[in-house]
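Quick look at entry_19.cif (mmCIF, C-alpha atoms):
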```cif
data_data
#
loop_
_atom_site.label_atom_id
_atom_site.label_comp_id
_atom_site.auth_asym_id
_atom_site.auth_seq_id
_atom_site.Cartn_x
_atom_site.Cartn_y
_atom_site.Cartn_z
CA MET A 12 -67.10 78.16 -11.68
CA THR A 13 -67.46 78.03 -7.96
CA LYS A 14 -64.62 79.44 -5.97
CA LYS A 15 -63.03 76.96 -3.64
CA VAL A 16 -63.84 78.04 -0.14
CA LYS A 17 -61.17 77.35 2.43
CA LEU A 18 -62.96 75.63 5.22
CA LYS A 19 -62.11 76.15 8.84
CA ILE A 20 -59.84 73.47 10.17
CA SER A 21 -61.96 71.17 12.22
CA ALA A 22 -60.99 70.18 15.72
CA ARG A 23 -60.48 66.62 14.56
CA LEU A 24 -57.85 67.65 12.05
CA VAL A 25 -56.02 69.76 14.64
CA LYS A 26 -55.87 66.80 17.03
CA LYS A 27 -54.66 64.55 14.21
CA ARG A 28 -51.82 66.93 13.37
CA SER A 29 -50.73 67.40 16.96
CA ARG A 30 -50.76 63.65 17.49
CA ARG A 31 -48.28 63.30 14.66
CA TYR A 32 -45.73 65.83 15.93
CA GLY A 33 -46.58 66.05 19.60
CA PHE A 34 -44.39 63.29 21.04
CA ALA A 35 -41.12 64.68 19.65
CA ALA A 36 -41.40 67.93 21.58
CA SER A 37 -39.72 66.88 24.85
CA ARG A 38 -36.79 64.91 23.38
CA HIS A 39 -33.32 66.10 24.08
CA CYS A 40 -29.96 64.74 23.05
CA ARG A 41 -28.21 62.71 25.74
CA PHE A 42 -24.81 63.97 24.60
CA CYS A 43 -25.44 67.70 24.48
CA GLY A 44 -23.56 69.30 27.35
CA ASN A 45 -22.86 65.93 28.96
CA GLU A 46 -19.13 65.28 29.16
CA ALA A 47 -19.44 61.87 30.74
CA GLN A 48 -21.56 60.53 27.89
CA MET A 49 -19.27 62.12 25.33
CA ALA A 50 -16.34 60.16 26.77
CA PHE A 51 -18.21 56.93 25.97
CA MET A 52 -18.50 57.81 22.31
CA ASP A 53 -15.57 55.82 21.05
CA TYR A 54 -15.31 53.18 18.35
CA LYS A 55 -13.69 50.83 20.88
CA ASN A 56 -16.57 51.07 23.32
CA ILE A 57 -18.84 48.60 21.57
CA GLN A 58 -20.99 47.85 24.61
CA PHE A 59 -22.18 51.43 24.51
CA LEU A 60 -22.47 51.62 20.73
CA ARG A 61 -24.54 48.47 20.54
CA GLY A 62 -27.39 50.36 22.18
CA PHE A 63 -27.67 52.50 19.06
CA LEU A 64 -28.01 49.60 16.63
CA THR A 65 -31.15 47.68 15.71
CA GLU A 66 -31.28 43.88 15.95
CA ARG A 67 -30.28 43.67 12.32
CA GLY A 68 -27.20 45.80 13.01
CA LYS A 69 -28.52 48.98 11.39
CA ILE A 70 -27.83 52.38 12.94
CA LEU A 71 -30.90 53.81 14.70
CA PRO A 72 -32.21 57.03 13.22
CA SER A 73 -31.96 60.13 15.39
CA ARG A 74 -35.73 60.51 15.63
CA ILE A 75 -35.75 57.25 17.60
CA SER A 76 -32.54 57.59 19.57
CA GLY A 77 -33.17 61.26 20.27
CA ASN A 78 -29.72 62.47 19.30
CA CYS A 79 -29.14 65.88 17.89
CA CYS A 80 -27.78 66.18 14.38
CA LYS A 81 -24.17 66.84 15.37
CA HIS A 82 -23.93 63.93 17.79
CA GLN A 83 -25.76 61.57 15.49
CA ARG A 84 -23.11 62.25 12.87
CA GLU A 85 -20.27 61.63 15.34
CA LEU A 86 -21.95 58.51 16.62
CA SER A 87 -22.43 57.01 13.19
CA GLN A 88 -18.80 57.79 12.34
CA GLN A 89 -17.68 55.82 15.41
CA ILE A 90 -20.01 52.94 14.55
CA LYS A 91 -18.68 52.80 11.01
CA ARG A 92 -15.11 52.73 12.32
CA ALA A 93 -15.99 49.85 14.61
CA ARG A 94 -17.58 48.02 11.68
CA VAL A 95 -14.40 48.27 9.64
CA MET A 96 -12.41 46.80 12.52
CA ALA A 97 -14.89 43.90 12.86
CA LEU A 98 -15.93 44.97 16.35
CA LEU A 99 -19.50 45.54 15.19
CA PRO A 100 -21.30 43.76 12.37
CA TYR A 101 -22.53 45.33 9.15
CA THR A 102 -25.62 43.14 9.19
CA ALA A 103 -26.77 40.79 11.89
CA PHE A 104 -27.06 37.63 9.82
CA GLN A 105 -23.38 37.02 9.39
CA TYR A 106 -23.38 33.58 10.95
CA MET B 26 5.43 68.57 14.37
CA VAL B 27 4.72 65.84 16.83
CA SER B 28 1.18 64.63 17.32
CA ARG B 29 -0.39 61.77 19.19
CA TYR B 30 -1.90 58.78 17.42
CA GLU B 31 -3.49 55.50 18.31
CA ALA B 32 -3.55 52.47 16.06
CA LEU B 33 -5.85 49.50 16.49
CA LEU B 34 -4.50 46.40 14.79
CA LEU B 35 -6.47 43.28 13.99
CA THR B 36 -4.12 40.35 13.53
CA ILE B 37 -4.49 36.67 12.80
CA PRO B 38 -5.46 34.60 15.83
CA GLU B 39 -2.29 32.47 15.66
CA ILE B 40 0.08 35.35 16.18
CA THR B 41 2.91 34.59 18.62
CA ALA B 42 4.42 36.91 21.21
CA ASP B 43 7.65 37.04 19.17
CA GLU B 44 5.86 38.28 16.09
CA ALA B 45 4.11 40.94 18.15
CA LYS B 46 7.51 41.97 19.49
CA THR B 47 8.91 42.36 15.96
CA ILE B 48 6.02 44.65 15.02
CA GLU B 49 6.57 46.73 18.12
CA SER B 50 10.35 46.98 17.66
CA HIS B 51 9.98 47.91 14.00
CA LEU B 52 7.50 50.63 14.85
CA ASP B 53 9.78 51.84 17.64
CA LYS B 54 12.74 52.09 15.26
CA VAL B 55 10.77 54.18 12.78
CA ILE B 56 9.32 56.50 15.41
CA LYS B 57 12.57 56.97 17.31
CA GLY B 58 14.29 57.92 14.03
CA ALA B 59 12.57 61.27 14.23
CA THR B 60 11.48 62.55 17.63
CA GLY B 61 8.73 60.46 19.10
CA SER B 62 7.93 57.60 21.41
CA ILE B 63 5.55 54.74 21.86
CA ILE B 64 3.24 55.49 24.77
CA SER B 65 1.72 52.03 25.06
CA PHE B 66 1.51 48.75 23.20
CA GLU B 67 -1.32 46.69 24.60
CA LYS B 68 -2.47 43.28 23.60
CA TRP B 69 -6.22 42.96 23.97
CA GLY B 70 -6.34 39.26 23.36
CA LYS B 71 -8.34 36.91 21.20
CA TYR B 72 -11.82 37.94 20.15
CA ARG B 73 -14.62 36.48 18.11
CA LEU B 74 -15.10 38.78 15.13
CA SER B 75 -18.48 40.11 14.01
CA TYR B 76 -17.85 38.77 10.53
CA PRO B 77 -15.08 36.56 9.08
CA VAL B 78 -12.02 38.53 8.06
CA ARG B 79 -9.73 36.75 5.61
CA ARG B 80 -11.66 33.58 6.48
CA ASN B 81 -10.77 33.87 10.19
CA ASP B 82 -13.59 33.87 12.70
CA TYR B 83 -11.29 34.96 15.52
CA GLY B 84 -8.58 37.54 15.77
CA ASN B 85 -6.15 39.27 18.10
CA TYR B 86 -6.36 42.98 18.74
CA PHE B 87 -3.45 45.26 19.62
CA LEU B 88 -3.76 48.88 20.63
CA VAL B 89 -0.69 51.01 20.07
CA ARG B 90 -0.52 54.59 21.23
CA PHE B 91 2.40 56.69 20.13
CA GLU B 92 3.59 60.20 19.50
CA ALA B 93 5.28 60.76 16.19
CA GLU B 94 6.11 63.30 13.52
CA THR B 95 3.22 63.94 11.17
CA SER B 96 5.46 63.27 8.16
CA LEU B 97 6.04 59.68 9.32
CA LEU B 98 2.40 58.75 9.06
CA ASN B 99 2.62 57.22 5.60
CA GLU B 100 5.56 55.10 6.64
CA ILE B 101 3.75 53.88 9.72
CA LYS B 102 0.72 52.96 7.64
CA SER B 103 2.91 50.96 5.30
CA ILE B 104 4.46 49.06 8.23
CA PHE B 105 1.03 47.72 9.15
CA ALA B 106 -0.39 47.33 5.69
CA VAL B 107 2.61 46.19 3.66
CA LYS B 108 5.51 45.01 5.77
CA PHE B 109 3.49 42.87 8.18
CA HIS B 110 0.78 42.14 5.71
CA GLU B 111 0.51 38.43 6.52
CA MET B 112 -0.03 39.02 10.21
CA VAL B 113 -2.01 42.24 10.38
CA MET B 114 -5.43 41.96 8.77
CA ARG B 115 -6.88 45.38 9.56
CA ASN B 116 -5.45 48.56 10.94
CA MET B 117 -6.92 51.88 11.91
CA ILE B 118 -4.79 54.89 12.83
CA ILE B 119 -6.58 57.74 14.57
CA GLN B 120 -5.20 61.06 15.66
CA LEU B 121 -5.71 61.87 19.33
CA ASP B 122 -5.86 65.23 21.00
CA MET B 123 -2.88 65.95 23.24
CA ASN B 124 -5.15 66.89 26.14
CA GLN B 125 -7.50 63.97 25.66
CA SER B 126 -7.56 61.37 28.42
CA LEU B 127 -6.10 57.98 27.60
CA VAL B 128 -8.89 56.11 29.34
CA TYR B 129 -11.05 53.87 27.17
CA GLN B 130 -13.48 50.98 27.52
CA LYS B 131 -12.15 47.74 26.17
CA PRO B 132 -14.58 45.15 24.83
CA GLN B 133 -14.62 41.83 26.65
CA SER B 134 -12.23 39.35 25.07
CA LEU B 135 -12.67 35.59 24.87
CA GLU B 136 -10.09 35.12 27.57
CA ASP B 137 -11.85 37.54 29.91
CA ALA B 138 -15.24 35.98 29.39
CA PRO B 139 -16.16 33.48 32.13
CA VAL B 140 -15.40 29.90 31.20
CA ARG B 141 -18.63 28.08 30.38
CA ASP B 142 -17.55 24.56 30.88
CA VAL B 143 -19.65 21.76 32.35
CA ASN B 144 -16.97 20.75 34.84
CA THR B 145 -16.34 24.27 36.13
CA PHE B 146 -20.09 24.83 36.45
CA LEU B 147 -20.50 21.68 38.52
CA LYS B 148 -17.52 22.54 40.67
CA GLU B 149 -18.76 26.06 41.37
CA ASN B 150 -22.25 24.89 42.27
CA LYS B 151 -20.98 21.85 44.21
CA MET B 152 -22.88 19.34 42.09
CA GLU B 153 -19.90 17.19 41.25
CA GLY B 154 -21.48 13.84 41.79
CA LEU B 155 -24.54 14.63 39.65
CA MET B 156 -23.17 13.79 36.21
CA GLY B 157 -21.76 10.53 37.54
CA ALA B 158 -25.24 9.36 38.57
CA ALA B 159 -26.43 9.46 34.95
CA GLU B 160 -23.67 7.17 33.72
CA GLY B 161 -25.60 3.98 34.44
CA VAL B 162 -28.46 5.01 32.15
CA ASP B 163 -28.21 3.94 28.52
CA ALA B 164 -29.75 5.57 25.50
CA GLU B 165 -31.25 2.20 24.54
CA ASP B 166 -33.52 2.30 27.55
CA PHE B 167 -35.43 5.19 26.04
CA ASP B 168 -35.92 3.73 22.56
CA GLU B 169 -39.47 2.46 22.86
CA ASP B 170 -40.74 3.55 19.47
CA GLU B 171 -39.90 0.36 17.65
CA ASP B 172 -42.98 -1.40 16.37
#
```

Show me the file's structure as structure tokens.
Amino acid sequence: MTKKVKLKISARLVKKRSRRYGFAASRHCRFCGNEAQMAFMDYKNIQFLRGFLTERGKILPSRISGNCCKHQRELSQQIKRARVMALLPYTAFQY
Amino acid sequence: MVSRYEALLLTIPEITADEAKTIESHLDKVIKGATGSIISFEKWGKYRLSYPVRRNDYGNYFLVRFEAETSLLNEIKSIFAVKFHEMVMRNMIIQLDMNQSLVYQKPQSLEDAPVRDVNTFLKENKMEGLMGAAEGVDAEDFDEDED
């Protein structure tokens, strides 16, 4: 039985890995420490909230919108409130 | 203990000013019974809804801001949900911070949106005579496909 030798990680593999995680490094949340943006986060402010929905009306994940966990939670709570009050759609193919 | 609330009401599109007044006066009576006051009662106007609610494509929104006793909250909810059930389709009561600013962004209502009418467009762009010129042309003149 031959022992499995752990090969050195080739340069190609290193580049492949860094390509996968590299672009997320410089993202920062637009709400963190920004009072002006926090004031916009309201279920009545649908012009602002619409920027965080896809064309089908789904909420954008935080890895795309760049929000931190806490603000993503608050944002989705406001979007869900607006959906209940028929200010925002649940899905985009209502009509 | 008095705390500040705001309630967004979605009503039927055919609601009259009198009916809105009765809602406001009823709410006022309940709140004034204990210590409290209505800060504002704003009519937003008619809006096109994102999805039909109770088979209505349009609806009127009202935003009420008031300060009331916390124990009255259930009664206030029942005013919107039970007493005025025919008129009010949806309601959402949210507690506000006392120090929070009362400024908010209102979505654009149908009444605020610019009127997109052919006549107003022509008038604004001074093309009033243009539609009149096409009156002499008949649809029959273009039907040349008959074989």

Worksheet item: Expanded to explicit residues, what is the PyMOL selection byres ((chain B) within 12 of (chain A)) for this file, as a PyMOL selection string?
Response: chain B and resi 31-36+69+72-79+81-88+113-119+121+125-134

Discussion item. Just to confirm, what's the straight-line distance from atom CA of Tyr30 of chain B to atom CA of Gln48 of chain A in Å (one decimal)?
Written reply: 22.3 Å

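We find atom CA of Gly70 of chain B and atom CA of Ala45 of chain B to be spaced 11.8 Å apart.
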
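In this structure, atom CA of Arg84 of chain A sits 25.3 Å away from atom CA of Arg90 of chain B.
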
Practice prompt. Carefully work through the PyMOL selection byres ((chain B and resi 92) around 9) for this structure and note down the residues it includes, as a PyMOL selection string.
Written response: chain B and resi 27-31+56+60-64+90-91+93-94

Worksheet item: Using only C-alpha atoms, which residue out of B:Asp142, B:Glu49, B:Glu153, B:Glu67 lies closest to Phe105 of chain B?
Response: B:Glu49

Please rebuild segment 115-133 of chain B with N, CA and C atoms and return the result as a tab-separated table (two decimals), in the coordinates of the input.
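For reference, rebuild-v1.tsv as written:
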```tsv
chain	number	residue	atom	x	y	z
B	115	ARG	N	-6.28	44.05	9.67
B	115	ARG	CA	-6.88	45.38	9.56
B	115	ARG	C	-6.11	46.34	10.45
B	116	ASN	N	-6.06	47.58	10.07
B	116	ASN	CA	-5.45	48.56	10.94
B	116	ASN	C	-6.22	49.86	10.83
B	117	MET	N	-6.25	50.60	11.93
B	117	MET	CA	-6.92	51.88	11.91
B	117	MET	C	-6.12	52.84	12.75
B	118	ILE	N	-5.61	53.91	12.14
B	118	ILE	CA	-4.79	54.89	12.83
B	118	ILE	C	-5.62	56.15	13.01
B	119	ILE	N	-5.73	56.59	14.25
B	119	ILE	CA	-6.58	57.74	14.57
B	119	ILE	C	-5.73	58.76	15.29
B	120	GLN	N	-5.95	60.03	14.97
B	120	GLN	CA	-5.20	61.06	15.66
B	120	GLN	C	-5.91	61.41	16.96
B	121	LEU	N	-5.14	61.51	18.03
B	121	LEU	CA	-5.71	61.87	19.33
B	121	LEU	C	-5.31	63.29	19.69
B	122	ASP	N	-6.17	63.93	20.47
B	122	ASP	CA	-5.86	65.23	21.00
B	122	ASP	C	-4.81	65.08	22.09
B	123	MET	N	-3.92	66.05	22.21
B	123	MET	CA	-2.88	65.95	23.24
B	123	MET	C	-3.47	66.00	24.64
B	124	ASN	N	-4.57	66.75	24.80
B	124	ASN	CA	-5.15	66.89	26.14
B	124	ASN	C	-6.14	65.78	26.46
B	125	GLN	N	-6.46	64.97	25.45
B	125	GLN	CA	-7.50	63.97	25.66
B	125	GLN	C	-7.04	62.92	26.65
B	126	SER	N	-7.96	62.40	27.45
B	126	SER	CA	-7.56	61.37	28.42
B	126	SER	C	-7.35	60.06	27.69
B	127	LEU	N	-6.45	59.25	28.22
B	127	LEU	CA	-6.10	57.98	27.60
B	127	LEU	C	-6.96	56.83	28.09
B	128	VAL	N	-8.01	57.16	28.82
B	128	VAL	CA	-8.89	56.11	29.34
B	128	VAL	C	-9.83	55.66	28.23
B	129	TYR	N	-10.08	54.35	28.15
B	129	TYR	CA	-11.05	53.87	27.17
B	129	TYR	C	-11.67	52.59	27.69
B	130	GLN	N	-12.81	52.23	27.13
B	130	GLN	CA	-13.48	50.98	27.52
B	130	GLN	C	-13.11	49.91	26.53
B	131	LYS	N	-12.58	48.83	27.04
B	131	LYS	CA	-12.15	47.74	26.17
B	131	LYS	C	-13.25	46.70	26.08
B	132	PRO	N	-13.57	46.21	24.90
B	132	PRO	CA	-14.58	45.15	24.83
B	132	PRO	C	-14.07	43.87	25.49
B	133	GLN	N	-15.00	43.03	25.91
B	133	GLN	CA	-14.62	41.83	26.65
B	133	GLN	C	-14.06	40.78	25.70
```
